[in-house]
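Student: Contents of coords_17.cif (mmCIF, C-alpha atoms) are below:
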data_coords
loop_
_atom_site.label_atom_id
_atom_site.label_comp_id
_atom_site.auth_asym_id
_atom_site.auth_seq_id
_atom_site.Cartn_x
_atom_site.Cartn_y
_atom_site.Cartn_z
CA MET A 1 -72.97 -51.77 -4.77
CA GLU A 2 -70.13 -50.31 -2.74
CA ASN A 3 -69.26 -53.74 -1.44
CA LYS A 4 -69.37 -55.30 -4.91
CA THR A 5 -66.96 -52.80 -6.44
CA ARG A 6 -64.46 -52.90 -3.59
CA VAL A 7 -60.89 -53.37 -4.84
CA THR A 8 -59.36 -56.55 -3.49
CA PRO A 9 -55.60 -57.22 -3.39
CA LYS A 10 -56.16 -59.66 -6.24
CA ASP A 11 -57.80 -56.98 -8.39
CA PHE A 12 -55.08 -54.46 -7.64
CA PHE A 13 -52.16 -56.73 -8.51
CA LEU A 14 -53.87 -58.20 -11.57
CA TRP A 15 -54.47 -54.76 -13.06
CA ALA A 16 -51.11 -53.40 -11.98
CA GLY A 17 -49.39 -56.46 -13.44
CA ALA A 18 -51.35 -56.23 -16.69
CA MET A 19 -50.40 -52.58 -17.20
CA ALA A 20 -46.77 -53.09 -16.19
CA THR A 21 -46.36 -56.00 -18.62
CA LEU A 22 -48.11 -53.94 -21.31
CA TYR A 23 -45.61 -51.09 -20.95
CA ALA A 24 -42.65 -53.48 -20.82
CA SER A 25 -43.86 -55.37 -23.91
CA ALA A 26 -44.45 -52.17 -25.90
CA ILE A 27 -41.04 -50.75 -25.01
CA ALA A 28 -39.27 -54.03 -25.80
CA PHE A 29 -41.12 -54.40 -29.11
CA LEU A 30 -40.21 -50.86 -30.16
CA ALA A 31 -36.59 -51.46 -29.13
CA LEU A 32 -36.54 -54.58 -31.29
CA ILE A 33 -38.08 -52.75 -34.25
CA PHE A 34 -35.56 -49.91 -33.84
CA ASN A 35 -32.75 -52.48 -33.96
CA TYR A 36 -34.22 -53.94 -37.15
CA ILE A 37 -34.33 -50.46 -38.68
CA GLY A 38 -30.77 -49.73 -37.57
CA HIS A 39 -29.60 -53.00 -39.10
CA LEU A 40 -31.41 -52.51 -42.42
CA PHE A 41 -30.69 -48.77 -42.72
CA PRO A 42 -27.35 -48.02 -41.03
CA ASP A 43 -26.50 -44.39 -40.43
CA PRO A 44 -23.02 -43.57 -41.82
CA LEU A 45 -22.78 -40.60 -39.46
CA GLN A 46 -22.97 -42.88 -36.44
CA GLY A 47 -20.04 -45.07 -37.47
CA TYR A 48 -20.22 -48.80 -36.80
CA TYR A 49 -23.64 -50.09 -35.81
CA ASP A 50 -23.73 -53.27 -33.77
CA PRO A 51 -27.01 -55.13 -34.38
CA TYR A 52 -25.88 -57.82 -31.97
CA SER A 53 -25.75 -55.50 -28.98
CA ASN A 54 -27.22 -56.26 -25.58
CA SER A 55 -30.24 -54.03 -26.30
CA MET A 56 -31.52 -56.36 -29.01
CA ARG A 57 -30.96 -59.50 -26.95
CA PHE A 58 -32.63 -57.91 -23.93
CA ALA A 59 -35.64 -56.86 -26.02
CA ILE A 60 -36.03 -60.43 -27.30
CA ALA A 61 -35.76 -61.89 -23.80
CA THR A 62 -38.29 -59.38 -22.47
CA LEU A 63 -40.84 -60.19 -25.16
CA ILE A 64 -40.44 -63.94 -24.70
CA VAL A 65 -41.14 -63.67 -20.96
CA VAL A 66 -43.30 -60.59 -20.46
CA PHE A 67 -45.66 -60.59 -23.45
CA PRO A 68 -47.22 -64.02 -22.70
CA LEU A 69 -47.61 -62.84 -19.11
CA TYR A 70 -49.44 -59.75 -20.36
CA LEU A 71 -51.83 -61.90 -22.41
CA PHE A 72 -52.45 -64.16 -19.41
CA LEU A 73 -53.19 -61.30 -16.99
CA THR A 74 -55.36 -59.45 -19.52
CA ARG A 75 -57.39 -62.58 -20.11
CA ILE A 76 -58.00 -62.96 -16.38
CA VAL A 77 -59.14 -59.35 -15.82
CA ASN A 78 -61.39 -59.42 -18.90
CA ARG A 79 -62.90 -62.71 -17.78
CA ASP A 80 -63.58 -61.23 -14.35
CA ILE A 81 -65.39 -58.27 -15.91
CA ARG A 82 -67.55 -60.57 -18.05
CA ARG A 83 -68.49 -62.56 -14.96
CA ALA A 84 -69.03 -59.48 -12.78
CA PRO A 85 -69.72 -56.38 -14.94
CA GLU A 86 -69.61 -54.14 -11.87
CA LYS A 87 -65.81 -54.62 -11.83
CA LYS A 88 -65.65 -52.14 -14.70
CA GLU A 89 -66.06 -49.47 -12.06
CA LEU A 90 -63.07 -50.53 -9.95
CA TRP A 91 -60.97 -47.44 -9.27
CA VAL A 92 -57.75 -49.30 -10.00
CA ARG A 93 -59.02 -50.23 -13.46
CA ARG A 94 -60.26 -46.72 -14.22
CA TRP A 95 -57.08 -45.04 -13.02
CA LEU A 96 -54.71 -47.41 -14.81
CA VAL A 97 -56.64 -47.28 -18.06
CA PHE A 98 -56.80 -43.47 -17.89
CA ILE A 99 -53.05 -43.31 -17.16
CA THR A 100 -52.39 -45.63 -20.10
CA LEU A 101 -54.48 -43.46 -22.40
CA PHE A 102 -52.69 -40.35 -21.15
CA VAL A 103 -49.22 -41.87 -21.64
CA ALA A 104 -50.14 -43.17 -25.09
CA GLY A 105 -51.63 -39.83 -26.12
CA ALA A 106 -48.56 -37.95 -24.86
CA ALA A 107 -46.25 -40.37 -26.71
CA LEU A 108 -48.20 -39.85 -29.93
CA ALA A 109 -48.00 -36.08 -29.53
CA VAL A 110 -44.24 -36.20 -28.88
CA ASP A 111 -43.78 -38.51 -31.87
CA LEU A 112 -45.61 -36.09 -34.15
CA ILE A 113 -43.64 -33.14 -32.74
CA MET A 114 -40.36 -34.94 -33.45
CA LEU A 115 -41.54 -35.84 -36.93
CA ILE A 116 -42.47 -32.23 -37.76
CA ASN A 117 -39.27 -30.95 -36.15
CA GLY A 118 -37.20 -33.36 -38.23
CA PHE A 119 -39.03 -32.24 -41.38
CA LEU A 120 -38.42 -28.55 -40.63
CA GLY A 121 -34.75 -29.27 -39.91
CA GLY A 122 -34.28 -31.24 -43.11
CA GLU A 123 -33.42 -34.42 -41.18
CA LEU A 124 -36.13 -36.73 -42.49
CA THR A 125 -34.13 -39.88 -43.20
CA THR A 126 -35.58 -43.30 -43.90
CA ARG A 127 -34.48 -44.44 -40.44
CA PHE A 128 -36.20 -41.52 -38.76
CA LEU A 129 -39.43 -41.96 -40.71
CA LEU A 130 -39.61 -45.70 -40.02
CA LYS A 131 -38.96 -45.24 -36.31
CA SER A 132 -41.61 -42.53 -36.10
CA LEU A 133 -44.03 -44.76 -37.98
CA ALA A 134 -43.28 -47.67 -35.63
CA VAL A 135 -44.03 -45.52 -32.57
CA LEU A 136 -47.19 -44.21 -34.22
CA ILE A 137 -48.49 -47.70 -35.00
CA VAL A 138 -47.57 -49.39 -31.71
CA VAL A 139 -48.64 -46.59 -29.39
CA GLY A 140 -51.67 -45.74 -31.52
CA ALA A 141 -52.85 -49.35 -31.48
CA GLY A 142 -52.50 -49.47 -27.71
CA PHE A 143 -54.39 -46.19 -27.35
CA LEU A 144 -57.28 -47.39 -29.51
CA TYR A 145 -57.50 -50.77 -27.76
CA TYR A 146 -57.78 -49.28 -24.29
CA PHE A 147 -60.00 -46.45 -25.48
CA TYR A 148 -62.54 -49.03 -26.64
CA ASP A 149 -61.82 -51.17 -23.60
CA PHE A 150 -62.80 -48.28 -21.35
CA ARG A 151 -66.06 -47.96 -23.28
CA GLY A 152 -66.79 -51.66 -22.65
CA ARG A 153 -66.47 -52.86 -26.22
CA TRP A 154 -64.42 -55.98 -25.53
CA GLU A 155 -66.57 -57.35 -22.74
CA GLY A 156 -69.39 -57.82 -25.20
CA ASN A 157 -67.18 -58.86 -28.12
CA GLU A 158 -64.95 -61.58 -26.77
CA GLY A 159 -64.38 -62.95 -30.27
CA GLN A 160 -62.99 -59.65 -31.54
CA SER A 161 -60.78 -59.37 -28.49
CA LYS A 162 -59.35 -62.83 -29.17
CA ILE A 163 -58.75 -61.97 -32.83
CA ILE A 164 -56.82 -58.85 -31.85
CA ALA A 165 -54.80 -60.83 -29.31
CA GLY A 166 -54.05 -63.43 -31.99
CA ILE A 167 -52.90 -60.83 -34.52
CA VAL A 168 -50.65 -59.10 -31.99
CA SER A 169 -49.24 -62.46 -30.89
CA VAL A 170 -48.39 -63.37 -34.49
CA VAL A 171 -46.65 -60.01 -35.01
CA ILE A 172 -44.65 -60.33 -31.79
CA THR A 173 -43.71 -63.95 -32.53
CA ALA A 174 -42.64 -63.07 -36.08
CA SER A 175 -40.46 -60.21 -34.80
CA VAL A 176 -38.76 -62.46 -32.26
CA VAL A 177 -38.22 -65.32 -34.70
CA GLY A 178 -36.97 -62.92 -37.38
CA SER A 179 -34.43 -61.48 -34.97
CA PHE A 180 -32.55 -64.77 -34.92
CA PHE A 181 -31.85 -64.30 -38.64
CA VAL A 182 -30.10 -61.06 -37.67
CA ILE A 183 -28.20 -62.02 -34.53
CA GLY A 184 -28.00 -65.77 -35.13
CA SER A 185 -28.69 -68.60 -32.72
CA PRO A 186 -27.36 -68.63 -29.13
CA MET A 187 -24.64 -71.05 -30.27
CA THR A 188 -23.64 -68.64 -33.04
CA GLN A 189 -23.51 -65.83 -30.49
CA ARG A 190 -21.17 -67.90 -28.34
CA LEU A 191 -18.85 -68.44 -31.32
CA TYR A 192 -18.80 -64.70 -32.05
CA ARG A 193 -18.04 -63.92 -28.41
CA ALA A 194 -15.17 -66.41 -28.48
CA ASP A 195 -13.78 -64.67 -31.58
CA GLU A 196 -14.09 -61.28 -29.90
CA GLN A 197 -12.12 -62.66 -26.96
CA ARG A 198 -9.42 -63.89 -29.35
CA VAL A 199 -9.14 -60.44 -30.94
CA GLY A 200 -8.91 -58.89 -27.48
CA ASP A 201 -6.13 -61.31 -26.53
CA LEU A 202 -4.20 -60.53 -29.71
CA GLN A 203 -4.51 -56.80 -29.06
CA THR A 204 -3.13 -57.29 -25.56
CA VAL A 205 -0.22 -59.36 -26.84
CA GLN A 206 0.44 -56.83 -29.57
CA TRP A 207 0.73 -54.00 -27.07
CA GLN A 208 3.10 -56.04 -24.91
CA ILE A 209 5.28 -56.65 -27.98
CA VAL A 210 5.41 -52.92 -28.65
CA ASN A 211 6.39 -52.26 -25.02
CA TYR A 212 9.10 -54.91 -25.31
CA TRP A 213 10.49 -53.31 -28.47
CA GLN A 214 10.50 -49.85 -26.89
CA SER A 215 12.42 -51.18 -23.90
CA LYS A 216 14.92 -53.43 -25.72
CA GLU A 217 14.87 -52.09 -29.30
CA LYS A 218 14.25 -55.56 -30.63
CA LEU A 219 11.28 -57.84 -31.04
CA PRO A 220 10.87 -60.72 -28.57
CA PRO A 221 11.97 -64.04 -30.09
CA THR A 222 8.99 -65.81 -28.49
CA LEU A 223 5.86 -64.77 -26.63
CA ALA A 224 7.24 -66.37 -23.48
CA GLU A 225 9.72 -63.47 -23.32
CA LEU A 226 6.81 -61.12 -22.63
CA GLU A 227 5.85 -62.75 -19.34
CA ASP A 228 6.81 -60.71 -16.30
CA SER A 229 6.42 -61.77 -12.69
CA ILE A 230 6.51 -58.13 -11.52
CA SER A 231 3.79 -56.77 -13.79
CA GLY A 232 1.98 -60.08 -13.59
CA PHE A 233 1.56 -60.38 -17.34
CA VAL A 234 0.96 -63.91 -18.60
CA VAL A 235 0.59 -64.62 -22.30
CA PRO A 236 -3.12 -65.43 -22.86
CA THR A 237 -4.26 -68.58 -24.59
CA ASP A 238 -7.42 -69.31 -26.53
CA LYS A 239 -10.13 -69.55 -23.86
CA GLU A 240 -12.29 -71.82 -26.00
CA THR A 241 -9.73 -74.34 -27.22
CA GLY A 242 -6.75 -73.77 -24.94
CA ALA A 243 -4.50 -73.33 -27.98
CA VAL A 244 -1.47 -71.03 -27.87
CA TYR A 245 -1.58 -68.01 -30.17
CA GLU A 246 1.02 -68.07 -32.94
CA TYR A 247 3.74 -65.43 -33.13
CA HIS A 248 6.31 -64.99 -35.90
CA VAL A 249 9.06 -62.37 -36.33
CA THR A 250 9.31 -61.57 -40.05
CA GLY A 251 11.54 -58.48 -39.95
CA ALA A 252 13.38 -56.07 -37.67
CA LEU A 253 10.13 -54.19 -37.05
CA VAL A 254 7.61 -56.63 -38.46
CA PHE A 255 5.80 -59.46 -36.69
CA GLU A 256 2.80 -61.68 -37.17
CA LEU A 257 0.10 -62.82 -34.75
CA CYS A 258 -2.15 -65.72 -35.69
CA ALA A 259 -5.31 -67.30 -34.29
CA THR A 260 -8.01 -69.71 -35.42
CA PHE A 261 -11.46 -68.12 -35.57
CA SER A 262 -14.86 -69.79 -35.41
CA ARG A 263 -16.74 -67.39 -37.70
CA ASP A 264 -16.17 -64.63 -40.22
CA SER A 265 -16.06 -61.11 -38.82
CA ARG A 266 -19.43 -59.45 -38.43
CA GLY A 267 -19.97 -56.40 -40.62
CA THR A 268 -18.06 -54.99 -43.55
CA SER A 269 -14.45 -53.95 -43.74
CA LYS A 270 -15.56 -50.32 -43.49
CA ASP A 271 -17.54 -51.14 -40.35
CA PHE A 272 -14.60 -52.73 -38.64
CA MET A 273 -12.16 -50.00 -39.61
CA ALA A 274 -14.59 -47.58 -37.95
CA VAL A 275 -14.22 -49.40 -34.63
CA PRO A 276 -11.36 -47.82 -32.67
CA SER A 277 -8.73 -50.29 -31.58
CA VAL A 278 -7.92 -50.73 -27.92
CA TYR A 279 -4.29 -50.04 -28.84
CA PRO A 280 -4.29 -47.80 -31.94
CA GLY A 281 -1.27 -46.64 -33.85
CA ILE A 282 0.15 -49.88 -35.26
CA GLU A 283 0.46 -49.93 -39.04
CA GLY A 284 -2.06 -52.35 -40.49
CA GLU A 285 -4.32 -52.17 -37.44
CA ASN A 286 -7.37 -54.12 -38.58
CA TRP A 287 -8.80 -57.21 -36.94
CA GLN A 288 -11.28 -58.25 -39.59
CA HIS A 289 -10.95 -61.97 -40.22
CA LYS A 290 -12.35 -65.01 -41.98
CA GLN A 291 -13.33 -68.29 -40.38
CA GLY A 292 -10.34 -70.50 -39.70
CA ARG A 293 -6.68 -69.64 -39.23
CA GLN A 294 -5.94 -65.96 -39.73
CA CYS A 295 -2.65 -64.08 -39.36
CA PHE A 296 -2.25 -60.33 -38.78
CA GLU A 297 0.99 -58.68 -39.88
CA ARG A 298 2.05 -55.63 -37.90
CA THR A 299 4.85 -53.12 -38.48
CA ILE A 300 6.06 -50.94 -35.61
CA ASP A 301 6.56 -47.28 -36.47
CA PRO A 302 9.67 -46.06 -34.50
CA ASP A 303 8.54 -42.45 -34.83
CA ARG A 304 5.24 -43.21 -33.17
CA TYR A 305 6.74 -45.63 -30.65
CA PRO A 306 10.32 -44.43 -30.09
CA PRO A 307 12.67 -46.49 -27.86
CA ILE A 308 12.61 -45.57 -24.21
CA PRO A 309 15.88 -43.81 -23.20
CA LYS A 310 18.00 -46.06 -21.00
CA GLY A 311 18.42 -43.46 -18.32
CA ARG A 312 14.67 -43.35 -17.59
#
Can you turn what I pasted into structure tokens?
Tutor:
Amino acid sequence: MENKTRVTPKDFFLWAGAMATLYASAIAFLALIFNYIGHLFPDPLQGYYDPYSNSMRFAIATLIVVFPLYLFLTRIVNRDIRRAPEKKELWVRRWLVFITLFVAGAALAVDLIMLINGFLGGELTTRFLLKSLAVLIVVGAGFLYYFYDFRGRWEGNEGQSKIIAGIVSVVITASVVGSFFVIGSPMTQRLYRADEQRVGDLQTVQWQIVNYWQSKEKLPPTLAELEDSISGFVVPTDKETGAVYEYHVTGALVFELCATFSRDSRGTSKDFMAVPSVYPGIEGENWQHKQGRQCFERTIDPDRYPPIPKGR
């Protein structure tokens, strides 16, 4: 019997891989659900919420790669146990399943503590309740699955095990597919990133114009006047199309910057006004835009940006 239950390198890495992919899948799924909740129920106290952040994209990528790997490894280890029931007693299986049960139980306890603490502190918002419920369901489901797995239920009920795997796969697939309705397709993401680059370029140009006015007490007639071989500044152009950004002087202290955008701004006007500008302090500072050509009129406030004394 000792020889039959000996842990081989294959057994060790199969079980270690199965548990590692389980943890990664659960964390990524919860991160994705939290992003859904944040998108559907934004918190006004947290300012602008970006549902298109790297965390959501990373969670999607993790689920696409890691979850199928988890199913594959779990199928192999379960098949091995059905063929050789003595493998239920492998120390690596017992330890990893016990650790998983411990981690899941601790997570459930912490989740309930946070829920009660939030209730006592009067902070039970819809967002908080939904996130707590998500943790309770995901971690609780994992706890129950491996609790019954440790008792040998799935080795004798392969059909039930497959049904559970199918249900979980449908839920994961639906969450990943649904996320593309929130963040858009990869092509849409590229268009948004190009627009964000355009806004960044316009902010840089705007600040250079302000510096020019402070130094010369007049607006530059063209953007070419801003280029400086000493500072190394070169007027940026649209990285996607190569087009030159438009610039118009409309008054002694008023100018216009124009660009052609691929998409409408993401979020509401309130959202975008909550995002601090890289170069704040210009009257009319707001970079919200529609798809197509958009111009931004700016007025320099001499009190905020006084001319630089000539002697300095």
Student: When you count all atoms listed in the file, which of these residues is closest to Phe13 of chain A: A:Ile209, A:Ile60, A:Ile76, A:Ala165?
Tutor: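 For Phe13 of chain A, the nearest of the candidates is A:Ile76.
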Student: Separation of atom CA of Phe119 of chain A and atom CA of Phe29 of chain A, in Å?
Tutor: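 That distance, rounded to one decimal, is 25.4 Å.
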Student: With 5 Å added on each side, what axis-aligned box encloses every listed atom of segment 17-33 of chain A? Give the centre and edge lengths in Å to one decimal, as AutoDock Vina command-line options.
Tutor:
--center_x -43.9 --center_y -53.6 --center_z -23.8 --size_x 24.8 --size_y 15.7 --size_z 30.8
Student: With only C-alpha atoms as the basis for distance, which of A:Pro220, A:Gly142, A:Pro302, A:Gly292 is at the shortest distance from Ala104 of chain A?
Tutor: A:Gly142
Student: Using the chain letters and numbers from this file, what does the PyMOL selection byres ((chain A and resi 138) around 10) select? Give the answer as a list in words.
Tutor: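 Listing what the PyMOL selection byres ((chain A and resi 138) around 10) selects in the shown file: Ala26, Ile27, Phe29, Leu30, Ala104, Leu108, Leu133, Ala134, Val135, Leu136, Ile137, Val139, Gly140, Ala141, Gly142 and Phe143 of chain A.
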Student: Which residues are close to segment 245-258 of chain A, i.e. within 6 Å by all atoms listed in the file, leaving aside same-chain residues fewer than 5 positions away? Reply as a list of chain:residue names.
Tutor: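 Here the qualifying residues turn out to be A:Gln294, A:Cys295, A:Phe296, A:Glu297, A:Arg298, A:Thr299, A:Ile300.
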Student: Quote the spacing between atom CA of Gly178 of chain A and atom CA of Thr126 of chain A in Å to one decimal place.
Tutor: 20.7 Å
